[in-house]
Structures are given as structure tokens and as C-alpha cells.
file data14.txt (compact mmCIF, C-alpha atoms)
# COMPACT_ATOMS: atom_id res chain seq x y z
CA MET A 1 -60.27 24.24 -48.58
CA ALA A 2 -61.03 27.80 -47.65
CA ALA A 3 -60.15 28.92 -51.14
CA ALA A 4 -62.32 26.24 -52.66
CA ALA A 5 -65.35 27.53 -50.82
CA ALA A 6 -64.51 31.13 -51.67
CA ASP A 7 -64.59 30.34 -55.39
CA HIS A 8 -68.33 30.06 -55.38
CA ALA A 9 -70.30 33.09 -56.37
CA ALA A 10 -73.44 31.98 -54.58
CA PRO A 11 -72.83 31.31 -50.89
CA THR A 12 -73.80 27.67 -50.75
CA ILE A 13 -72.09 25.03 -48.71
CA ASP A 14 -70.34 22.74 -51.16
CA ALA A 15 -68.40 20.45 -48.88
CA LEU A 16 -67.94 17.42 -51.11
CA SER A 17 -66.47 18.79 -54.34
CA GLN A 18 -63.05 18.85 -52.66
CA PHE A 19 -62.96 15.07 -52.93
CA LYS A 20 -63.43 15.04 -56.69
CA LEU A 21 -60.65 13.45 -58.68
CA GLU A 22 -59.28 15.57 -61.51
CA PRO A 23 -57.03 13.97 -64.13
CA LEU A 24 -53.88 16.02 -64.58
CA GLY A 25 -53.30 17.42 -68.05
CA PHE A 26 -53.41 15.54 -71.35
CA ILE A 27 -51.26 12.58 -70.35
CA GLY A 28 -52.95 12.40 -66.96
CA GLY A 29 -56.31 12.20 -68.66
CA ALA A 30 -55.13 9.43 -70.95
CA VAL A 31 -53.91 7.18 -68.12
CA ASN A 32 -56.24 8.48 -65.38
CA PHE A 33 -53.40 10.00 -63.39
CA THR A 34 -55.22 12.23 -60.92
CA GLN A 35 -54.13 14.59 -58.18
CA ALA A 36 -54.58 11.70 -55.73
CA ASN A 37 -51.93 9.71 -57.58
CA LEU A 38 -49.69 12.76 -57.70
CA LEU A 39 -49.99 13.18 -53.95
CA MET A 40 -49.22 9.48 -53.42
CA VAL A 41 -46.05 9.89 -55.46
CA ILE A 42 -45.11 13.03 -53.53
CA GLY A 43 -45.80 11.37 -50.19
CA SER A 44 -43.75 8.29 -51.03
CA ALA A 45 -40.94 10.46 -52.37
CA LEU A 46 -40.93 12.52 -49.16
CA VAL A 47 -40.60 9.40 -47.00
CA LEU A 48 -37.82 8.03 -49.19
CA ALA A 49 -36.07 11.41 -49.15
CA LEU A 50 -36.32 11.58 -45.36
CA LEU A 51 -34.75 8.16 -45.00
CA TYR A 52 -32.11 8.73 -47.69
CA TYR A 53 -30.93 12.16 -46.60
CA GLY A 54 -31.50 11.27 -42.96
CA SER A 55 -29.22 8.26 -43.08
CA LYS A 56 -26.64 9.82 -45.37
CA PRO A 57 -24.56 11.74 -42.77
CA ARG A 58 -24.20 8.69 -40.50
CA ALA A 59 -23.20 11.03 -37.69
CA VAL A 60 -22.73 9.70 -34.18
CA VAL A 61 -24.51 12.78 -32.90
CA PRO A 62 -27.44 13.04 -35.30
CA GLY A 63 -28.49 16.26 -36.95
CA ARG A 64 -32.12 17.26 -37.17
CA LEU A 65 -32.92 15.26 -40.29
CA GLN A 66 -31.04 12.20 -39.09
CA ALA A 67 -32.78 12.44 -35.72
CA ALA A 68 -36.14 12.57 -37.46
CA ALA A 69 -35.30 9.57 -39.62
CA GLU A 70 -34.02 7.60 -36.64
CA LEU A 71 -37.09 8.53 -34.64
CA ALA A 72 -39.36 7.35 -37.45
CA TYR A 73 -37.44 4.10 -37.72
CA ASP A 74 -37.24 3.43 -33.98
CA PHE A 75 -40.85 4.31 -33.34
CA THR A 76 -42.18 1.92 -35.96
CA TYR A 77 -39.63 -0.76 -35.09
CA ASN A 78 -40.59 -0.69 -31.41
CA MET A 79 -44.26 -0.74 -32.30
CA ALA A 80 -43.80 -3.80 -34.51
CA VAL A 81 -41.64 -5.69 -32.03
CA GLU A 82 -43.75 -4.82 -28.98
CA GLN A 83 -47.00 -5.75 -30.63
CA ILE A 84 -46.03 -8.77 -32.73
CA GLY A 85 -43.18 -10.10 -30.61
CA PRO A 86 -39.65 -11.02 -31.72
CA GLU A 87 -41.08 -12.16 -35.07
CA GLY A 88 -42.13 -8.56 -35.62
CA LYS A 89 -38.76 -7.78 -37.17
CA ARG A 90 -39.80 -9.66 -40.30
CA TYR A 91 -42.96 -7.59 -40.70
CA PHE A 92 -41.40 -4.27 -39.75
CA PRO A 93 -40.80 -3.11 -43.36
CA PHE A 94 -44.44 -3.74 -44.20
CA VAL A 95 -45.70 -1.91 -41.12
CA PHE A 96 -43.30 0.97 -41.73
CA THR A 97 -44.39 1.38 -45.35
CA LEU A 98 -48.06 1.23 -44.44
CA PHE A 99 -47.73 3.63 -41.51
CA PHE A 100 -45.85 6.28 -43.43
CA PHE A 101 -47.95 5.98 -46.57
CA VAL A 102 -51.09 6.60 -44.52
CA LEU A 103 -49.42 9.29 -42.41
CA MET A 104 -48.24 11.15 -45.51
CA GLY A 105 -51.70 10.90 -47.03
CA ASN A 106 -53.31 12.35 -43.93
CA MET A 107 -50.70 15.05 -43.40
CA LEU A 108 -50.28 16.22 -46.99
CA GLY A 109 -54.05 16.50 -47.18
CA LEU A 110 -53.91 19.29 -44.60
CA VAL A 111 -51.74 21.45 -46.84
CA PRO A 112 -54.00 24.01 -48.55
CA PHE A 113 -54.84 23.28 -52.21
CA SER A 114 -53.64 19.71 -51.86
CA PHE A 115 -55.67 16.55 -51.76
CA THR A 116 -56.19 13.80 -49.18
CA TYR A 117 -55.84 10.48 -50.93
CA THR A 118 -56.81 8.63 -47.75
CA SER A 119 -60.23 10.29 -47.97
CA HIS A 120 -61.16 7.85 -50.75
CA ILE A 121 -62.50 4.51 -49.64
CA ALA A 122 -60.99 2.94 -52.74
CA VAL A 123 -57.53 3.76 -51.37
CA THR A 124 -58.17 2.78 -47.76
CA ALA A 125 -60.03 -0.37 -48.78
CA ALA A 126 -57.16 -1.38 -51.05
CA LEU A 127 -54.74 -0.92 -48.15
CA ALA A 128 -57.01 -2.85 -45.77
CA ILE A 129 -57.48 -5.70 -48.23
CA LEU A 130 -53.70 -5.84 -48.66
CA VAL A 131 -53.38 -6.10 -44.88
CA ILE A 132 -55.95 -8.85 -44.51
CA VAL A 133 -54.56 -10.86 -47.43
CA ILE A 134 -51.06 -10.68 -46.00
CA VAL A 135 -52.28 -11.52 -42.49
CA THR A 136 -54.21 -14.52 -43.77
CA ALA A 137 -51.29 -15.65 -45.90
CA VAL A 138 -48.92 -15.34 -42.95
CA SER A 139 -51.11 -17.43 -40.68
CA LEU A 140 -51.67 -20.04 -43.40
CA ILE A 141 -47.93 -20.30 -43.97
CA GLU A 142 -47.11 -20.36 -40.25
CA HIS A 143 -49.83 -22.73 -39.11
CA GLY A 144 -51.15 -24.51 -42.19
CA TRP A 145 -54.57 -26.02 -41.60
CA ASN A 146 -54.43 -25.11 -37.93
CA PHE A 147 -55.29 -21.61 -39.06
CA PHE A 148 -58.92 -22.67 -39.27
CA THR A 149 -59.06 -23.46 -35.56
CA TYR A 150 -58.90 -19.70 -35.20
CA PHE A 151 -62.60 -19.63 -36.01
CA PHE A 152 -63.49 -21.98 -33.19
CA PRO A 153 -62.08 -21.03 -29.79
CA SER A 154 -60.85 -24.02 -27.82
CA GLY A 155 -63.01 -24.96 -24.85
CA ALA A 156 -66.30 -23.97 -26.39
CA PRO A 157 -68.98 -26.67 -26.53
CA VAL A 158 -68.99 -28.41 -29.90
CA TRP A 159 -72.74 -28.10 -30.40
CA LEU A 160 -72.28 -24.32 -30.48
CA ALA A 161 -70.02 -24.59 -33.52
CA PRO A 162 -72.75 -23.77 -36.09
CA LEU A 163 -73.30 -20.51 -34.23
CA ILE A 164 -69.74 -19.61 -33.28
CA VAL A 165 -68.00 -20.38 -36.57
CA PRO A 166 -70.10 -18.03 -38.74
CA ILE A 167 -69.84 -15.31 -36.11
CA GLU A 168 -66.06 -15.66 -35.93
CA ILE A 169 -65.80 -15.64 -39.73
CA ILE A 170 -67.93 -12.50 -39.92
CA SER A 171 -65.85 -10.94 -37.19
CA TYR A 172 -62.65 -11.80 -39.06
CA LEU A 173 -63.96 -10.47 -42.37
CA SER A 174 -65.20 -7.27 -40.73
CA ARG A 175 -61.62 -6.32 -39.89
CA PRO A 176 -60.68 -4.90 -43.30
CA VAL A 177 -64.08 -3.20 -43.51
CA SER A 178 -63.70 -1.46 -40.18
CA LEU A 179 -60.05 -0.67 -40.90
CA SER A 180 -60.87 1.05 -44.18
CA ILE A 181 -64.06 2.76 -43.02
CA ARG A 182 -62.39 4.17 -39.91
CA LEU A 183 -59.60 5.89 -41.78
CA PHE A 184 -61.75 7.06 -44.66
CA ALA A 185 -64.55 8.36 -42.42
CA ASN A 186 -62.17 10.28 -40.17
CA MET A 187 -60.52 11.99 -43.11
CA VAL A 188 -63.75 12.83 -44.88
CA ALA A 189 -65.37 14.14 -41.69
CA GLY A 190 -62.44 16.42 -40.93
CA HIS A 191 -62.27 17.91 -44.38
CA VAL A 192 -66.03 18.34 -44.63
CA MET A 193 -65.91 20.28 -41.36
CA PHE A 194 -63.16 22.48 -42.78
CA ALA A 195 -65.24 23.21 -45.86
CA VAL A 196 -68.42 23.87 -43.88
CA PHE A 197 -66.80 26.36 -41.53
CA ALA A 198 -64.91 27.97 -44.39
CA ALA A 199 -68.27 28.44 -46.14
CA PHE A 200 -69.64 30.03 -42.95
CA ILE A 201 -66.81 32.58 -43.09
CA VAL A 202 -67.76 33.54 -46.64
CA MET A 203 -71.49 33.62 -45.91
CA MET A 204 -71.06 35.79 -42.83
CA GLY A 205 -68.54 38.02 -44.56
CA SER A 206 -71.10 38.81 -47.24
CA ALA A 207 -73.64 39.90 -44.62
CA GLY A 208 -72.29 43.41 -43.95
CA THR A 209 -70.09 44.89 -41.26
CA PHE A 210 -71.55 42.92 -38.40
CA GLY A 211 -71.16 39.75 -40.42
CA ILE A 212 -67.49 40.41 -41.03
CA ALA A 213 -66.94 40.81 -37.29
CA ALA A 214 -68.93 37.64 -36.60
CA ALA A 215 -66.97 35.74 -39.24
CA ILE A 216 -64.08 35.64 -36.79
CA GLY A 217 -66.01 32.86 -35.03
CA PRO A 218 -65.88 30.23 -37.79
CA LEU A 219 -62.36 31.38 -38.67
CA ALA A 220 -61.26 30.64 -35.12
CA VAL A 221 -63.04 27.30 -35.30
CA ASN A 222 -61.11 26.44 -38.45
CA VAL A 223 -57.82 27.35 -36.80
CA VAL A 224 -58.61 25.09 -33.86
CA LEU A 225 -59.84 22.43 -36.25
CA MET A 226 -56.50 22.46 -38.06
CA GLY A 227 -54.72 21.56 -34.85
CA PHE A 228 -57.28 18.89 -34.13
CA GLU A 229 -56.96 17.47 -37.63
CA LEU A 230 -53.19 17.25 -37.25
CA LEU A 231 -53.85 15.09 -34.19
CA VAL A 232 -56.41 13.00 -36.05
CA ALA A 233 -54.08 12.57 -39.03
CA ALA A 234 -51.27 11.21 -36.86
CA LEU A 235 -53.60 9.19 -34.65
CA GLN A 236 -55.42 7.49 -37.50
CA ALA A 237 -52.18 6.53 -39.22
CA TYR A 238 -51.00 5.16 -35.88
CA VAL A 239 -54.25 3.26 -35.34
CA PHE A 240 -54.02 1.79 -38.84
CA ALA A 241 -50.47 0.62 -38.21
CA ILE A 242 -51.10 -0.68 -34.70
CA LEU A 243 -54.15 -2.65 -35.80
CA THR A 244 -52.07 -4.16 -38.60
CA CYS A 245 -49.55 -5.17 -35.95
CA ILE A 246 -52.26 -6.66 -33.72
CA TYR A 247 -53.67 -8.66 -36.62
CA LEU A 248 -50.16 -9.84 -37.51
CA HIS A 249 -49.67 -10.84 -33.87
CA ASP A 250 -52.85 -12.90 -34.03
CA ALA A 251 -51.63 -14.42 -37.29
CA VAL A 252 -48.24 -15.37 -35.89
CA HIS A 253 -49.45 -16.63 -32.51
CA LEU A 254 -53.04 -17.83 -33.24
CA HIS A 255 -54.90 -17.11 -29.96
CA MET B 1 -32.17 3.14 12.49
CA SER B 2 -30.55 -0.02 11.20
CA GLU B 3 -27.57 0.08 8.91
CA ASN B 4 -29.20 -0.38 5.55
CA LYS B 5 -32.11 1.91 6.31
CA GLY B 6 -31.50 5.52 5.30
CA PRO B 7 -33.82 8.45 5.84
CA GLY B 8 -35.73 7.70 2.65
CA GLY B 9 -36.58 4.03 3.24
CA SER B 10 -34.48 1.04 2.24
CA PHE B 11 -31.49 1.18 -0.06
CA ASP B 12 -33.50 -0.18 -2.99
CA GLU B 13 -36.09 2.54 -2.63
CA ARG B 14 -33.49 5.29 -2.43
CA LEU B 15 -31.65 3.86 -5.42
CA LYS B 16 -34.88 3.78 -7.33
CA THR B 17 -35.77 7.38 -6.55
CA ALA B 18 -32.24 8.48 -7.42
CA ARG B 19 -32.33 6.63 -10.72
CA THR B 20 -35.73 8.08 -11.53
CA ARG B 21 -34.48 11.57 -10.67
CA GLN B 22 -31.55 11.12 -13.03
CA GLY B 23 -33.85 9.77 -15.73
CA LEU B 24 -32.09 6.41 -15.81
CA ASP B 25 -35.26 4.42 -15.33
CA ARG B 26 -38.05 4.70 -17.76
CA PRO B 27 -41.26 5.58 -15.95
CA GLU B 28 -43.32 2.45 -15.85
CA ARG B 29 -46.08 2.50 -18.35
CA PRO B 30 -49.22 0.77 -17.22
CA ASN B 31 -49.77 -1.02 -20.48
CA ASP B 32 -48.40 -1.32 -23.98
CA ALA B 33 -49.14 0.76 -27.04
CA ALA B 34 -52.37 -1.02 -27.88
CA SER B 35 -54.07 0.35 -24.80
CA ASP B 36 -52.43 3.72 -25.50
CA ALA B 37 -54.28 3.76 -28.78
CA LYS B 38 -57.43 2.79 -26.92
CA THR B 39 -57.18 5.48 -24.30
CA ALA B 40 -55.80 8.10 -26.67
CA SER B 41 -59.14 9.83 -26.87
CA SER B 42 -62.62 8.85 -25.85
CA LEU B 43 -63.83 10.24 -29.17
CA GLY B 44 -61.61 7.74 -30.91
CA VAL B 45 -63.03 4.89 -28.85
CA GLY B 46 -66.59 5.93 -29.58
CA MET B 47 -65.77 6.14 -33.27
CA ARG B 48 -64.17 2.71 -33.22
CA VAL B 49 -67.12 1.13 -31.44
CA GLY B 50 -69.53 2.49 -34.02
CA VAL B 51 -67.35 1.43 -36.91
CA GLU B 52 -66.91 -2.09 -35.51
CA LEU B 53 -70.66 -2.56 -35.11
CA VAL B 54 -71.47 -1.27 -38.57
CA SER B 55 -68.69 -3.10 -40.39
CA ALA B 56 -69.67 -6.48 -38.97
CA LEU B 57 -73.22 -5.83 -40.05
CA ILE B 58 -72.09 -4.79 -43.54
CA VAL B 59 -70.04 -7.97 -43.97
CA ALA B 60 -72.82 -10.20 -42.62
CA THR B 61 -75.45 -8.58 -44.83
CA ALA B 62 -73.22 -8.99 -47.86
CA ILE B 63 -72.61 -12.68 -47.10
CA GLY B 64 -76.30 -13.35 -46.46
CA TRP B 65 -77.39 -11.55 -49.57
CA GLY B 66 -74.75 -13.33 -51.64
CA LEU B 67 -75.81 -16.76 -50.36
CA ASP B 68 -79.45 -15.98 -51.10
CA ARG B 69 -78.60 -14.81 -54.59
CA TRP B 70 -76.63 -17.97 -55.19
CA LEU B 71 -79.17 -20.41 -53.71
CA HIS B 72 -82.34 -18.44 -54.64
CA THR B 73 -83.67 -18.46 -51.09
CA LEU B 74 -83.98 -14.72 -50.79
CA PRO B 75 -85.07 -13.80 -47.31
CA LEU B 76 -83.67 -16.83 -45.49
CA PHE B 77 -79.91 -16.30 -45.25
CA LEU B 78 -80.23 -12.54 -45.24
CA VAL B 79 -82.31 -12.74 -42.06
CA ILE B 80 -79.98 -15.26 -40.43
CA PHE B 81 -76.83 -13.37 -41.30
CA VAL B 82 -78.13 -9.97 -40.24
CA LEU B 83 -78.71 -11.46 -36.79
CA LEU B 84 -75.29 -13.11 -36.80
CA GLY B 85 -73.76 -9.84 -37.95
CA GLY B 86 -75.26 -8.02 -35.00
CA VAL B 87 -73.80 -10.65 -32.68
CA ALA B 88 -70.40 -10.43 -34.38
CA GLY B 89 -70.49 -6.64 -34.06
CA VAL B 90 -71.18 -6.84 -30.34
CA MET B 91 -68.38 -9.38 -30.04
CA ASN B 92 -65.99 -7.03 -31.84
CA VAL B 93 -66.93 -4.28 -29.42
CA TRP B 94 -66.50 -6.63 -26.47
CA ARG B 95 -63.00 -7.52 -27.68
CA LEU B 96 -62.29 -3.80 -27.99
CA VAL B 97 -63.45 -2.65 -24.56
CA GLY B 98 -63.56 -5.91 -22.58
CA PRO B 99 -60.76 -7.29 -20.44
CA ALA B 100 -57.74 -8.72 -22.26
CA PRO B 101 -58.53 -12.41 -22.76
CA ARG B 102 -55.09 -14.02 -22.70
CA THR B 103 -51.54 -13.73 -21.35
call {"tool": "encode", "arguments": {"input": "data14.txt", "output": "C-alpha cells"}}
result
Amino acid sequence: MAAAAADHAAPTIDALSQFKLEPLGFIGGAVNFTQANLLMVIGSALVLALLYYGSKPRAVVPGRLQAAAELAYDFTYNMAVEQIGPEGKRYFPFVFTLFFFVLMGNMLGLVPFSFTYTSHIAVTAALAILVIVIVTAVSLIEHGWNFFTYFFPSGAPVWLAPLIVPIEIISYLSRPVSLSIRLFANMVAGHVMFAVFAAFIVMMGSAGTFGIAAAIGPLAVNVVLMGFELLVAALQAYVFAILTCIYLHDAVHLH
Amino acid sequence: MSENKGPGGSFDERLKTARTRQGLDRPERPNDAASDAKTASSLGVGMRVGVELVSALIVATAIGWGLDRWLHTLPLFLVIFVLLGGVAGVMNVWRLVGPAPRT
């Protein structure tokens, strides 16, 4: 991020080129394998490695890695069961996969010279559509045609149906949109801020001695921002997972 | 001082404080994780409110425009669904910040 801005000869703020997809090498170009895909593979491999090497020792008193793996498992398991109910056990693997895929995307994106695959709406929208399709499928399987009573709350006057039903349908369909936009917008905003303040450092640094002293300001901002972005990365992955759980709860219990 | 009343209130109260001191009782959390996510940061709530409003409007506009394109009635459904989308957005926000509706 900082290095990307420093590459420019002219001190302009180029905040968006960091999101450009670059196919990797000859084979990557042939099959459109970009750095985003590479980071997805790395992120998934890291989660699998954590679980594999974390559960390998099977110690009664866990080591650091095992403790981390158990913490990850317990945290997601409790979230799924608390939010969805006892049926949450069935959906725990899905929630776990989703949570850690998003978390890895957000976290790996904060490593310098890497790439945030969750900053592309194509990725977040694909995840959100997956969520909504699964949620709809679950409620159709669980409740059959009763699923459609979801769009008309019981107790409302029948003559209001032409108004309520379209509103409820729009509200239901806006879930994947808000889910994907929230994650994508948070990630893009954070990384754009990084790039903008990094460009300020370069611009001030090129303005003589006083500028170099003043450049400490945006540098400090970027340091603070990194801490803040770590929070946002974890929080947004958590929000994505918890909303999936809430939607699954609605699907299982219908009102 | 009656027999089951110690210096620190009744036996139950003293047991409770002792258990809490030893960390045997989990401190009672006011609500579950969903409201944790809500109260996690006011910035997050503001962001969510904005996103909910806009996303409902996006969906409604898309539906209205699609219906018009299909039925060749251009402004009609677009106008209707933009209004409905605004209502749905406000309803999303109400569900987000309003009181919990059920059990």
C-alpha cells in the first residue's frame, strides 16, 4: 500500500489501482488466475493448516496452536448454536467456512504487498448469493409452501397484502445486497484511506525539510489506521457470519 | 441477626459473590451476540443503517425497471417500486434498531 503509492514518480493520489487484478504469469493469464485467487488459496490453506496442525497433538492441555484451533472452533460453534438454536449444529460447518474465508480475506489483505479479495464486490456478492440461496433452500425444505407466509406477517389486515407482500419481498431480496455491499465497502474504504495517507507521506516528503517533519502526521495516521483496520477486518467477518446465522435462524424457525 | 443471615446478606447472595469472585459464574451478559454486533461500534451501526436503506432501494429499482422492461410500461412500475423500496429500506432499519419483535 505504502510502497504502491511510492512507486509513482509524480505525486498524485492513486488510491484505486491497488484493487486491480493481475493475472499471474503465463499459466495464470491463460486461465485468469489472479492474485485474488492466489490469496484465496493461501487463506483457505492457512485455515486448513490451523485446524490440521492444531488438532494433531490432541493434548489434554492444549499448546498454543491447539488452543487457537479450539478457540476458533468453539467461538463459531457457540455463535451458530446461540443464534440458530439446537439446529445450528447442522449449519455450523457452513458458518465456520464462511466466517474464516471472509476473515482470512480481510486479514491477509492487511499484509503489505498482498491483496484483499473481499474488496471485490464480485467475491462478496457471490458469497452473499450463496448465503441467500442456501437460506431459501433450507426454509423451503423445512417448511415447504409455508415458507411463503414469511412474506405476510400473521395478524396484518388482508387488504394490506398488496402493499406488505412486495415490501417484504424487497426487504428479503435486499439482504444479499446489503450483506455484500457492507463487506465490500468497508474493505475498499479502509484500503483507500491507507493509500491516500500513504500518498500524503510521499507528497509531504518531497516538499523539503519541513515537509519531511510534517510527514510524520500521515505516517502516524496510517499506523493508527492499521490497528483500526484490524478491528474492522475481524468485525466485518463476524458481522457477515452472524447475519448468516440470523438469516438461518429465520429460515429454520420462520418468524 | 437470624441464623441464615450473614454479614453480607442472605446465604444465596454470599454464595453468589463468592462464586463470582472465584470466577465460577459467568458474568451475566445483557443480551446475546446479535446485540453485541449491534453495539460493537456506533460507526458500524451507522454504516449498516445506510447500507440497509440503499440496498433495499437498489433491489426495488431493479425489480421495477425489470418489470417495466418486460411489460413496456416504462415509468409505471419504476415509480411504484422506488416508493416501495424506500418503505422496505425504512423497515429494514426499523428491524435493525427497533425493539426485538418476538420471544
call {"tool": "closest_atom_pairs", "arguments": {"input": "data14.txt", "of": "chain B", "to": "chain A", "cutoff": "6 Å", "atoms": "only C-alpha atoms", "output": "CSV"}}
result
residue,atom,partner,partner_atom,distance
B:Val51,CA,A:Ser178,CA,5.7
B:Glu52,CA,A:Ser178,CA,5.7
B:Ser55,CA,A:Ser178,CA,5.3
B:Ala56,CA,A:Ser174,CA,4.9
B:Val59,CA,A:Ser174,CA,5.9
B:Leu84,CA,A:Ile167,CA,5.9
B:Ala88,CA,A:Ile167,CA,5.2
call {"tool": "atom_distance", "arguments": {"input": "data14.txt", "atom1": "CA of Ala69 (chain A)", "atom2": "CA of Lys89 (chain A)"}}
result
17.9 Å
call {"tool": "closest_residue", "arguments": {"input": "data14.txt", "among": "A:Phe200, A:Phe113, A:Asp14, A:Thr136", "to": "Ile212 (chain A)", "atoms": "all atoms listed in the file"}}
result
A:Phe200
call {"tool": "closest_residue", "arguments": {"input": "data14.txt", "among": "B:Asp68, B:Ala100, B:Ile58, B:Phe11", "to": "Val82 (chain B)", "atoms": "all atoms listed in the file"}}
result
B:Ile58
call {"tool": "closest_residue", "arguments": {"input": "data14.txt", "among": "A:Glu70, A:Leu108, A:Leu183, A:Pro218", "to": "Gly44 (chain B)", "atoms": "all atoms listed in the file"}}
result
A:Leu183
call {"tool": "closest_residue", "arguments": {"input": "data14.txt", "among": "A:Leu110, A:Met193, A:Val60, A:Ala122", "to": "Leu39 (chain A)", "atoms": "all atoms listed in the file"}}
result
A:Leu110
